[in-house]
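**Q** Below is coords-v8.cif; it holds mmCIF, C-alpha atoms.
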data_run
loop_
_atom_site.label_atom_id
_atom_site.label_comp_id
_atom_site.auth_asym_id
_atom_site.auth_seq_id
_atom_site.Cartn_x
_atom_site.Cartn_y
_atom_site.Cartn_z
CA MET A 1 -33.09 69.93 55.49
CA THR A 2 -29.53 70.95 54.66
CA THR A 3 -28.00 68.96 51.82
CA LEU A 4 -24.41 67.75 51.89
CA PRO A 5 -23.16 69.96 49.01
CA SER A 6 -24.64 73.11 50.57
CA GLY A 7 -23.04 72.22 53.90
CA PHE A 8 -19.66 71.81 52.23
CA ALA A 9 -20.13 75.14 50.43
CA ARG A 10 -20.91 76.94 53.69
CA ALA A 11 -17.93 75.34 55.41
CA ARG A 12 -15.69 76.32 52.54
CA ARG A 13 -16.89 79.92 52.63
CA TRP A 14 -16.35 80.04 56.39
CA LEU A 15 -12.82 78.69 56.12
CA ARG A 16 -12.06 81.16 53.32
CA ASP A 17 -13.25 84.01 55.52
CA HIS A 18 -11.24 82.71 58.52
CA PRO A 19 -7.83 81.60 57.15
CA LEU A 20 -6.16 81.61 60.57
CA ALA A 21 -8.63 79.00 61.84
CA PHE A 22 -7.93 76.82 58.81
CA ASP A 23 -4.17 77.09 59.34
CA ALA A 24 -4.56 76.20 63.02
CA ALA A 25 -6.58 73.10 62.08
CA LEU A 26 -3.98 72.16 59.46
CA ALA A 27 -1.16 72.58 61.99
CA LEU A 28 -3.00 70.27 64.42
CA CYS A 29 -3.43 67.63 61.70
CA VAL A 30 0.26 67.84 60.78
CA LEU A 31 1.25 67.53 64.44
CA ILE A 32 -0.87 64.41 64.85
CA ALA A 33 0.61 62.91 61.67
CA MET A 34 4.18 63.65 62.83
CA ILE A 35 3.60 62.12 66.25
CA CYS A 36 2.04 59.02 64.72
CA GLY A 37 4.94 58.73 62.30
CA SER A 38 7.46 59.04 65.11
CA PHE A 39 6.29 55.69 66.53
CA ALA A 40 7.36 53.93 63.32
CA ASP A 41 10.77 52.28 63.24
CA PRO A 42 12.25 52.33 59.72
CA GLY A 43 13.98 49.01 60.39
CA LYS A 44 17.55 48.33 59.38
CA GLY A 45 17.03 44.70 58.45
CA HIS A 46 15.12 43.08 55.65
CA GLY A 47 11.86 43.07 57.54
CA GLY A 48 11.03 46.66 56.66
CA PRO A 49 9.59 49.37 58.93
CA THR A 50 7.53 48.42 61.97
CA PHE A 51 5.02 50.48 63.97
CA GLY A 52 4.94 50.75 67.74
CA THR A 53 8.40 49.36 68.37
CA ARG A 54 9.84 52.71 69.45
CA THR A 55 8.78 55.78 71.37
CA PRO A 56 9.70 59.35 70.29
CA ALA A 57 12.12 61.25 72.52
CA VAL A 58 10.95 64.27 74.48
CA PHE A 59 13.26 66.48 72.40
CA SER A 60 11.62 65.18 69.20
CA VAL A 61 8.14 65.88 70.57
CA LEU A 62 9.22 69.43 71.43
CA LEU A 63 10.58 69.97 67.91
CA MET A 64 7.36 68.62 66.36
CA VAL A 65 5.21 70.91 68.53
CA LEU A 66 7.32 73.96 67.60
CA ALA A 67 7.26 73.10 63.90
CA ALA A 68 3.48 72.58 63.90
CA SER A 69 2.92 75.81 65.83
CA ALA A 70 4.92 77.73 63.24
CA LEU A 71 2.54 76.54 60.49
CA VAL A 72 -0.24 78.67 62.00
CA LEU A 73 1.53 81.74 60.59
CA ARG A 74 2.39 80.23 57.21
CA ARG A 75 0.19 82.67 55.21
CA ARG A 76 1.42 85.80 56.95
CA HIS A 77 5.13 84.97 56.99
CA PRO A 78 5.75 82.12 54.53
CA MET A 79 9.52 82.58 54.21
CA ALA A 80 10.06 82.86 57.95
CA VAL A 81 7.93 79.78 58.63
CA LEU A 82 9.88 77.82 56.00
CA ALA A 83 13.18 78.85 57.60
CA VAL A 84 11.99 77.87 61.08
CA THR A 85 10.55 74.49 60.06
CA GLY A 86 13.60 73.73 57.92
CA ALA A 87 15.93 74.49 60.84
CA LEU A 88 13.86 72.30 63.18
CA ALA A 89 13.87 69.43 60.66
CA ALA A 90 17.64 69.71 60.21
CA THR A 91 18.09 69.75 64.00
CA GLU A 92 16.03 66.57 64.31
CA HIS A 93 18.18 64.80 61.69
CA ILE A 94 21.42 65.93 63.37
CA PHE A 95 20.65 64.93 66.97
CA ILE A 96 18.09 62.11 66.76
CA ASP A 97 18.57 58.75 65.01
CA PRO A 98 16.28 57.59 63.60
CA PRO A 99 14.70 61.05 63.25
CA ALA A 100 11.03 61.85 63.81
CA PRO A 101 9.21 63.12 60.70
CA VAL A 102 9.57 66.83 61.55
CA VAL A 103 10.29 67.38 57.87
CA MET A 104 6.53 67.06 57.21
CA SER A 105 6.07 70.62 58.52
CA THR A 106 8.81 71.79 56.13
CA VAL A 107 6.97 70.19 53.21
CA ILE A 108 3.79 72.18 54.08
CA ALA A 109 5.77 75.41 54.51
CA LEU A 110 7.58 74.91 51.18
CA TYR A 111 4.24 74.30 49.44
CA THR A 112 2.94 77.59 50.90
CA VAL A 113 5.96 79.53 49.66
CA ALA A 114 5.66 78.03 46.16
CA SER A 115 1.94 78.80 45.94
CA ARG A 116 2.30 82.43 47.02
CA THR A 117 5.45 83.60 45.20
CA ASP A 118 6.68 83.70 41.63
CA ARG A 119 8.29 80.80 39.77
CA PRO A 120 11.95 81.97 39.97
CA THR A 121 11.63 82.34 43.75
CA THR A 122 10.05 78.89 43.95
CA TRP A 123 12.93 77.35 42.02
CA ARG A 124 15.61 79.03 44.15
CA VAL A 125 14.00 78.37 47.52
CA GLY A 126 12.84 74.87 46.57
CA LEU A 127 16.26 73.71 45.34
CA LEU A 128 17.97 75.23 48.37
CA THR A 129 15.58 73.53 50.81
CA MET A 130 15.73 70.17 49.02
CA GLY A 131 19.52 70.21 48.81
CA LEU A 132 20.19 71.23 52.43
CA LEU A 133 17.74 68.82 54.04
CA THR A 134 18.82 65.93 51.82
CA MET A 135 22.51 66.54 52.53
CA VAL A 136 21.87 66.78 56.28
CA ALA A 137 19.89 63.53 56.21
CA MET A 138 22.62 61.76 54.25
CA ALA A 139 25.46 63.14 56.35
CA PHE A 140 24.10 62.57 59.85
CA GLY A 141 21.86 59.53 59.44
CA SER A 142 23.01 56.05 60.36
CA THR A 143 21.49 54.56 57.20
CA PRO A 144 23.32 54.55 53.84
CA TRP A 145 23.10 57.75 51.84
CA TYR A 146 20.97 56.05 49.21
CA SER A 147 18.38 54.76 51.70
CA GLN A 148 14.72 55.37 51.03
CA GLU A 149 14.40 57.67 54.06
CA ASN A 150 16.98 60.08 52.59
CA LEU A 151 15.53 59.90 49.11
CA GLY A 152 12.09 60.40 50.61
CA VAL A 153 13.18 63.79 52.02
CA PHE A 154 14.31 64.82 48.53
CA ALA A 155 11.12 63.54 46.87
CA TRP A 156 8.64 65.08 49.33
CA THR A 157 10.25 68.53 49.27
CA GLY A 158 10.43 68.43 45.47
CA MET A 159 6.76 67.47 45.18
CA ALA A 160 5.81 70.27 47.57
CA SER A 161 7.55 72.82 45.34
CA ALA A 162 5.93 71.43 42.18
CA ALA A 163 2.44 71.27 43.73
CA GLY A 164 2.66 74.82 45.07
CA ASP A 165 3.83 76.15 41.72
CA ALA A 166 0.98 74.34 39.94
CA VAL A 167 -1.60 75.79 42.35
CA ARG A 168 -0.17 79.28 41.91
CA SER A 169 -0.27 78.95 38.11
CA ARG A 170 -3.86 77.72 38.13
CA ARG A 171 -4.91 80.51 40.50
CA ALA A 172 -3.25 83.10 38.24
CA PHE A 173 -4.95 81.56 35.19
CA VAL A 174 -8.39 81.66 36.84
CA ASP A 175 -7.82 85.25 37.99
CA ALA A 176 -6.78 86.25 34.48
CA ILE A 177 -9.91 84.69 32.99
CA ARG A 178 -12.11 86.40 35.58
CA GLU A 179 -10.39 89.75 35.03
CA ARG A 180 -10.72 89.35 31.25
CA ALA A 181 -14.42 88.58 31.59
CA GLU A 182 -14.99 91.59 33.85
CA ARG A 183 -13.03 93.82 31.47
CA ALA A 184 -15.05 92.53 28.52
CA GLU A 185 -18.26 93.25 30.41
CA ARG A 186 -17.11 96.77 31.24
CA THR A 187 -16.00 97.32 27.64
CA ARG A 188 -19.34 96.10 26.32
CA GLU A 189 -21.23 98.47 28.62
CA GLU A 190 -18.95 101.38 27.72
CA GLU A 191 -19.35 100.61 24.01
CA ALA A 192 -23.15 100.54 24.39
CA ARG A 193 -23.11 103.88 26.22
CA ARG A 194 -20.79 105.35 23.58
CA ARG A 195 -23.05 104.23 20.74
CA VAL A 196 -26.11 105.64 22.51
CA ALA A 197 -24.31 108.95 23.02
CA GLU A 198 -23.21 109.07 19.36
CA GLU A 199 -26.74 108.32 18.15
CA ARG A 200 -28.21 110.96 20.46
CA LEU A 201 -25.67 113.50 19.21
CA ARG A 202 -26.43 112.63 15.58
CA ILE A 203 -30.18 113.01 16.08
CA ALA A 204 -29.60 116.30 17.92
CA ARG A 205 -27.59 117.59 14.96
CA ASP A 206 -30.29 116.59 12.52
CA LEU A 207 -33.01 118.24 14.61
CA HIS A 208 -30.92 121.40 14.89
CA ASP A 209 -30.33 121.53 11.13
CA VAL A 210 -33.99 121.00 10.29
CA VAL A 211 -35.44 123.37 12.88
CA ALA A 212 -32.88 126.15 12.43
CA HIS A 213 -33.26 126.21 8.64
CA HIS A 214 -37.01 126.03 8.29
CA ILE A 215 -37.92 128.18 11.30
CA ALA A 216 -35.56 130.90 10.07
CA LEU A 217 -37.32 130.88 6.69
CA VAL A 218 -40.74 130.88 8.33
CA ASN A 219 -39.71 133.82 10.48
CA VAL A 220 -38.49 135.81 7.49
CA GLN A 221 -41.53 135.12 5.32
CA ALA A 222 -43.93 135.80 8.17
CA GLY A 223 -42.26 139.17 8.71
CA VAL A 224 -42.58 139.97 5.01
CA ALA A 225 -46.27 139.02 5.04
CA ALA A 226 -46.97 141.17 8.07
CA HIS A 227 -45.15 144.11 6.50
CA VAL A 228 -46.98 144.09 3.15
CA MET A 229 -50.33 142.68 4.26
CA ASP A 230 -52.24 145.98 3.92
CA LYS A 231 -50.59 147.52 0.86
CA ARG A 232 -49.69 144.45 -1.26
CA PRO A 233 -51.91 141.52 -0.35
CA ASP A 234 -50.74 139.48 -3.37
CA GLN A 235 -47.15 139.59 -2.16
CA ALA A 236 -48.32 138.78 1.38
CA LYS A 237 -50.21 135.78 0.04
CA GLU A 238 -47.07 134.60 -1.75
CA ALA A 239 -45.03 134.98 1.45
CA LEU A 240 -47.62 132.98 3.40
CA ALA A 241 -47.45 130.25 0.76
CA HIS A 242 -43.71 130.06 1.33
CA VAL A 243 -44.38 129.86 5.07
CA ARG A 244 -46.74 126.95 4.51
CA GLU A 245 -44.25 125.17 2.26
CA ALA A 246 -41.36 125.67 4.72
CA SER A 247 -43.45 124.44 7.65
CA ARG A 248 -44.58 121.37 5.67
CA SER A 249 -40.96 120.55 4.81
CA ALA A 250 -39.95 121.00 8.45
CA LEU A 251 -42.70 118.64 9.61
CA ASN A 252 -41.74 116.00 7.06
CA GLU A 253 -38.06 116.07 8.02
CA LEU A 254 -38.90 116.06 11.72
CA ARG A 255 -41.14 113.05 11.17
CA VAL A 256 -38.28 111.19 9.49
CA THR A 257 -35.80 112.09 12.25
CA VAL A 258 -38.12 111.33 15.15
CA GLY A 259 -39.10 108.07 13.47
CA LEU A 260 -35.61 106.81 14.32
CA LEU A 261 -36.58 106.90 18.00
CA ARG A 262 -39.48 104.48 17.62
CA GLN A 263 -39.26 101.14 19.35
CA SER A 264 -39.65 97.84 17.55
CA GLY A 265 -43.32 97.15 16.91
CA ASP A 266 -44.22 100.83 16.51
CA PRO A 267 -45.66 102.05 13.22
CA GLU A 268 -43.01 102.26 10.54
CA ALA A 269 -41.33 105.58 9.96
CA PRO A 270 -41.51 107.24 6.57
CA THR A 271 -39.14 105.72 4.06
CA GLU A 272 -38.27 108.91 2.23
CA PRO A 273 -34.57 109.13 1.31
CA ALA A 274 -32.33 111.43 3.30
CA PRO A 275 -31.69 114.79 1.62
CA GLY A 276 -28.50 115.24 -0.38
CA LEU A 277 -26.91 117.31 -3.13
CA GLU A 278 -29.52 116.05 -5.60
CA VAL A 279 -32.07 118.34 -3.94
CA LEU A 280 -29.65 121.24 -3.54
CA ASP A 281 -31.61 123.32 -6.05
CA ALA A 282 -34.76 123.00 -3.93
CA LEU A 283 -32.82 124.02 -0.83
CA VAL A 284 -31.33 127.07 -2.57
CA ALA A 285 -34.77 128.00 -3.91
CA THR A 286 -36.14 128.31 -0.37
CA PHE A 287 -33.46 130.84 0.50
CA ARG A 288 -33.99 132.77 -2.72
CA ASN A 289 -37.69 132.95 -1.93
CA ALA A 290 -36.73 134.32 1.48
CA GLY A 291 -34.82 137.18 -0.17
CA LEU A 292 -31.25 135.83 -0.05
CA PRO A 293 -29.54 135.77 -3.46
CA VAL A 294 -27.59 132.51 -3.71
CA GLU A 295 -25.30 131.49 -6.56
CA VAL A 296 -24.37 127.81 -6.98
CA VAL A 297 -21.11 126.84 -8.69
CA GLY A 298 -19.99 123.37 -9.71
CA ALA A 299 -22.93 121.43 -8.27
CA GLU A 300 -23.84 120.01 -11.69
CA GLN A 301 -20.37 118.45 -12.09
CA ALA A 302 -20.17 117.31 -8.47
CA PRO A 303 -19.40 113.58 -8.08
CA ARG A 304 -21.97 111.24 -6.64
CA LEU A 305 -21.11 110.84 -2.97
CA PRO A 306 -21.84 108.02 -0.50
CA ALA A 307 -25.07 108.49 1.43
CA ALA A 308 -23.45 109.62 4.69
CA VAL A 309 -21.11 112.06 2.93
CA ASP A 310 -23.92 113.35 0.70
CA LEU A 311 -26.10 114.06 3.73
CA ALA A 312 -23.23 115.80 5.52
CA ALA A 313 -22.56 118.03 2.50
CA TYR A 314 -26.25 118.94 2.30
CA ARG A 315 -26.44 119.75 6.02
CA VAL A 316 -23.28 121.89 5.90
CA ILE A 317 -24.70 123.97 3.04
CA GLN A 318 -28.08 124.20 4.77
CA GLU A 319 -26.62 125.37 8.07
CA ALA A 320 -24.18 127.78 6.44
CA LEU A 321 -26.91 129.44 4.35
CA THR A 322 -29.18 129.61 7.41
CA ASN A 323 -26.43 131.47 9.26
CA VAL A 324 -26.03 133.82 6.31
CA ARG A 325 -29.74 134.56 6.31
CA LYS A 326 -29.81 135.11 10.07
CA HIS A 327 -26.58 137.03 10.64
CA ALA A 328 -25.19 138.49 7.38
CA GLY A 329 -27.53 141.46 7.36
CA ALA A 330 -29.55 143.15 4.65
CA GLY A 331 -28.26 143.08 1.08
CA ALA A 332 -26.00 140.07 1.66
CA ARG A 333 -25.33 137.60 -1.12
CA ALA A 334 -24.12 134.01 -0.82
CA GLU A 335 -22.14 131.70 -3.06
CA VAL A 336 -22.06 127.90 -2.82
CA SER A 337 -19.47 125.78 -4.57
CA VAL A 338 -19.09 121.99 -4.72
CA VAL A 339 -15.90 120.77 -6.39
CA ARG A 340 -13.91 117.56 -6.52
CA VAL A 341 -10.25 117.67 -5.47
CA GLY A 342 -8.55 114.29 -5.73
CA THR A 343 -10.42 111.84 -3.53
CA THR A 344 -12.30 114.54 -1.63
CA ALA A 345 -15.23 116.84 -2.20
CA GLU A 346 -14.82 120.44 -1.08
CA ILE A 347 -17.87 122.41 -0.01
CA THR A 348 -17.50 126.19 0.24
CA VAL A 349 -20.13 128.72 1.30
CA LEU A 350 -19.19 132.42 1.07
CA ASP A 351 -21.12 135.58 1.81
CA ASN A 352 -20.36 139.29 1.64
CA GLY A 353 -22.45 140.31 4.63
CA ARG A 354 -21.19 142.48 7.43
CA GLY A 355 -23.40 141.10 10.17
CA SER A 356 -26.38 142.60 11.91
CA ALA A 357 -25.88 144.82 14.88
CA GLY A 358 -28.14 142.73 17.01
CA HIS A 359 -27.05 139.32 15.96
CA GLU A 360 -25.70 138.56 19.42
CA SER A 361 -29.19 138.79 20.83
CA GLU A 362 -30.42 136.33 18.27
CA ALA A 363 -28.29 133.56 19.76
CA ALA A 364 -29.70 131.12 22.22
CA PRO A 365 -30.26 132.49 25.72
CA ASP A 366 -27.81 129.99 27.20
CA GLY A 367 -24.88 131.55 25.42
CA GLY A 368 -25.14 130.70 21.73
CA GLY A 369 -26.27 128.12 19.24
CA HIS A 370 -24.56 124.97 18.07
CA GLY A 371 -24.56 125.34 14.29
CA LEU A 372 -20.81 125.56 13.66
CA LEU A 373 -20.08 122.99 16.35
CA GLY A 374 -22.60 120.59 14.84
CA MET A 375 -21.16 121.07 11.34
CA ARG A 376 -17.65 120.34 12.54
CA GLU A 377 -18.73 117.23 14.46
CA ARG A 378 -20.64 115.93 11.45
CA VAL A 379 -17.66 116.46 9.11
CA THR A 380 -14.93 115.13 11.41
CA ALA A 381 -17.02 112.04 12.17
CA LEU A 382 -16.63 111.12 8.47
CA GLY A 383 -12.89 111.76 8.43
CA GLY A 384 -13.08 115.26 6.94
CA ALA A 385 -12.19 118.75 8.11
CA LEU A 386 -14.09 122.00 8.44
CA THR A 387 -12.95 125.60 8.85
CA ALA A 388 -15.17 128.59 9.42
CA GLY A 389 -14.35 132.22 10.02
CA PRO A 390 -14.65 135.81 8.84
CA ARG A 391 -13.31 136.75 5.39
CA TYR A 392 -10.83 139.52 4.80
CA GLY A 393 -12.76 142.59 3.76
CA GLY A 394 -16.04 141.42 5.21
CA GLY A 395 -18.29 138.42 5.07
CA PHE A 396 -17.94 134.86 6.28
CA ARG A 397 -16.51 131.65 4.85
CA VAL A 398 -17.36 128.02 5.62
CA HIS A 399 -15.12 125.41 4.01
CA ALA A 400 -15.60 121.64 4.42
CA ILE A 401 -13.47 118.82 3.01
CA LEU A 402 -15.27 115.48 2.81
CA PRO A 403 -13.59 112.22 1.70
CA PHE A 404 -15.38 109.97 -0.78
CA GLU A 405 -14.66 106.99 1.48
CA ALA A 406 -16.20 108.00 4.78
CA ARG A 407 -14.93 106.49 7.97
CA THR A 408 -16.91 106.04 11.16
CA GLY A 409 -15.66 107.03 14.56
CA GLU A 410 -16.18 109.29 17.48
CA PRO A 411 -16.48 112.98 16.69
CA GLU A 412 -13.35 114.86 17.52
CA PRO A 413 -13.57 117.63 20.10
CA PRO A 414 -14.02 121.08 18.60
CA GLY A 415 -10.72 122.68 17.78
CA PRO A 416 -9.64 126.18 16.89
CA ALA A 417 -10.90 125.82 13.32
CA ALA A 418 -14.47 125.54 14.54
CA VAL A 419 -14.29 128.42 16.98
CA THR A 420 -14.97 131.89 15.67
CA THR A 421 -15.27 135.25 17.29
CA GLY A 422 -18.83 134.43 18.27
CA GLU A 423 -20.41 136.18 15.30
CA ARG A 424 -21.86 133.06 13.73
CA ARG A 425 -23.63 130.29 15.56
#
Could you rewrite the structure in this file as structure tokens?
**A**
Amino acid sequence: MTTLPSGFARARRWLRDHPLAFDAALALCVLIAMICGSFADPGKGHGGPTFGTRTPAVFSVLLMVLAASALVLRRRHPMAVLAVTGALAATEHIFIDPPAPVVMSTVIALYTVASRTDRPTTWRVGLLTMGLLTMVAMAFGSTPWYSQENLGVFAWTGMASAAGDAVRSRRAFVDAIRERAERAERTREEEARRRVAEERLRIARDLHDVVAHHIALVNVQAGVAAHVMDKRPDQAKEALAHVREASRSALNELRVTVGLLRQSGDPEAPTEPAPGLEVLDALVATFRNAGLPVEVVGAEQAPRLPAAVDLAAYRVIQEALTNVRKHAGAGARAEVSVVRVGTTAEITVLDNGRGSAGHESEAAPDGGGHGLLGMRERVTALGGALTAGPRYGGGFRVHAILPFEARTGEPEPPGPAAVTTGERR
């Protein structure tokens, strides 16, 4: 069984979807009201108005029908409908005394104009319509200018303007609230997607740093072990021990990184602290064991950095030394310096290598790795800057400036400072 509220809701939706039908029904109601009102005699004595003591003229009925018919098009042509109904109402006041209430159609048309235009237009059109119709009623009517019929024309047209302006303001207010809510919803979804993308990029950088560093060391030590296995088994055993240590470190760091992807309720991830400059000696030792001489300058006097900046400095050094080991060639040496300059920490990694002839083939099959790009994104995300490129006379230089007070934000797109000739990935 259909309830009354649901029936009203369906009727309202139907009328909203068929505005012309609603306007036709409104025009019919206005026509009936005008015809009924035309049978009322305002009365010039003290007895007041009486109903049924007069009959409207044929000319008045024609004007009422024309005015009501014009209201059917009030949404499509509001200004034209107002002009037509106003002219018909003025004609009724000029030629018929007492006039039929044709002005009722003008009131509806003026309300439509006020509800569908801006406030300045409402003021101009409303005052013009009120003034003209009131002056016509006062000038051509047989009643005194201050009679209630003349003042009624002024009052009804004024109320139509005010009501239309109020409806327009409320509609604009509701639309603004709805638009603000939709924009907030879109912004919330975009912010969630942005945060997910940033977290995915951060985890990808961490995985790249861990895998690239440790697998490069494993590859080098495994090659050494294979080369000296027959002639110097003790040295091969030492190389395999380094392989085992590097693989264990890689597994531990991967476990920490992948633990960030666990859902709530999963087993807790390891709580080991993130690596930083405090374990720089251990990092450098792994490269020295792999045959890369590394000299560290200024790390003992380096200031204590915030966790995010400390991790970024560690990862920059790790990735830079990994690139040296992979691409600098045999006999290369590296130098790492960590110094404080004002409110920033400057990380510099230099090498004197000349690059291997086949380093291009060592890049990823899809066109290269992402080491330098990842370093730049990590540094710029904290408000710092990174430059990387070949040194004059041979070798490569990576220079990062990290502020003590890190800021958070979206990583900047890679610029010219992060793009090299393709010799280091």
**Q** Have a look at CA of Gly37 (chain A) and CA of Pro101 (chain A) and let me know their distance in Å, one decimal.
**A** 6.3 Å
**Q** Excluding Thr117 (chain A) and any residue of its chain fewer than 6 positions from it, enumerate the residues within 10 Å of it, using only C-alpha atoms, and give them as a list in words.
**A**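 My list of contacting residues is Pro78, Met79, Gly164, Asp165 and Arg168 of chain A.
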**Q** Tell me which protein, DNA and RNA residues are within 9 Å of region 59-67 of chain A, counting all atoms listed in the file, leaving out same-chain ones fewer than 5 positions away, and put them as a PDB file with C-alpha atoms, in the frame of the given file.
**A**
ATOM      1  CA  ALA A  27      -1.160  72.580  61.990  1.00  0.00           C
ATOM      2  CA  LEU A  31       1.250  67.530  64.440  1.00  0.00           C
ATOM      3  CA  MET A  34       4.180  63.650  62.830  1.00  0.00           C
ATOM      4  CA  ILE A  35       3.600  62.120  66.250  1.00  0.00           C
ATOM      5  CA  SER A  38       7.460  59.040  65.110  1.00  0.00           C
ATOM      6  CA  VAL A  81       7.930  79.780  58.630  1.00  0.00           C
ATOM      7  CA  VAL A  84      11.990  77.870  61.080  1.00  0.00           C
ATOM      8  CA  THR A  85      10.550  74.490  60.060  1.00  0.00           C
ATOM      9  CA  GLY A  86      13.600  73.730  57.920  1.00  0.00           C
ATOM     10  CA  LEU A  88      13.860  72.300  63.180  1.00  0.00           C
ATOM     11  CA  ALA A  89      13.870  69.430  60.660  1.00  0.00           C
ATOM     12  CA  THR A  91      18.090  69.750  64.000  1.00  0.00           C
ATOM     13  CA  GLU A  92      16.030  66.570  64.310  1.00  0.00           C
ATOM     14  CA  ILE A  96      18.090  62.110  66.760  1.00  0.00           C
ATOM     15  CA  PRO A  99      14.700  61.050  63.250  1.00  0.00           C
ATOM     16  CA  ALA A 100      11.030  61.850  63.810  1.00  0.00           C
ATOM     17  CA  PRO A 101       9.210  63.120  60.700  1.00  0.00           C
ATOM     18  CA  VAL A 102       9.570  66.830  61.550  1.00  0.00           C
ATOM     19  CA  VAL A 103      10.290  67.380  57.870  1.00  0.00           C
ATOM     20  CA  SER A 105       6.070  70.620  58.520  1.00  0.00           C
ATOM     21  CA  THR A 106       8.810  71.790  56.130  1.00  0.00           C
TER      22      THR A 106
END
**Q** Enter the distance from CA of Leu240 (chain A) to CA of Asn323 (chain A), in Å, rounded to one decimal.
**A**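 Separation between CA of Leu240 (chain A) and CA of Asn323 (chain A): 22.0 Å.
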**Q** Between CA of Ala290 (chain A) and CA of Arg315 (chain A), measure the distance and give it in Å to one decimal.
**A**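 Separation between CA of Ala290 (chain A) and CA of Arg315 (chain A): 18.4 Å.
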**Q** Which neighbours of Gln221 (chain A) fall inside 10 Å, counting only C-alpha atoms, when residues of the same chain fewer than 6 positions from it are skipped, and could you give them as a VMD selection string?
**A** chain A and resid 215 227 236 238 to 244 246 289 to 291
**Q** Between A:Val167, A:Leu82, A:Leu373, A:Ala160, single out the one closest to Asp118 (chain A), counting only C-alpha atoms.
**A**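 Of A:Val167, A:Leu82, A:Leu373, A:Ala160, the one nearest Asp118 (chain A), counting only C-alpha atoms, is A:Val167.
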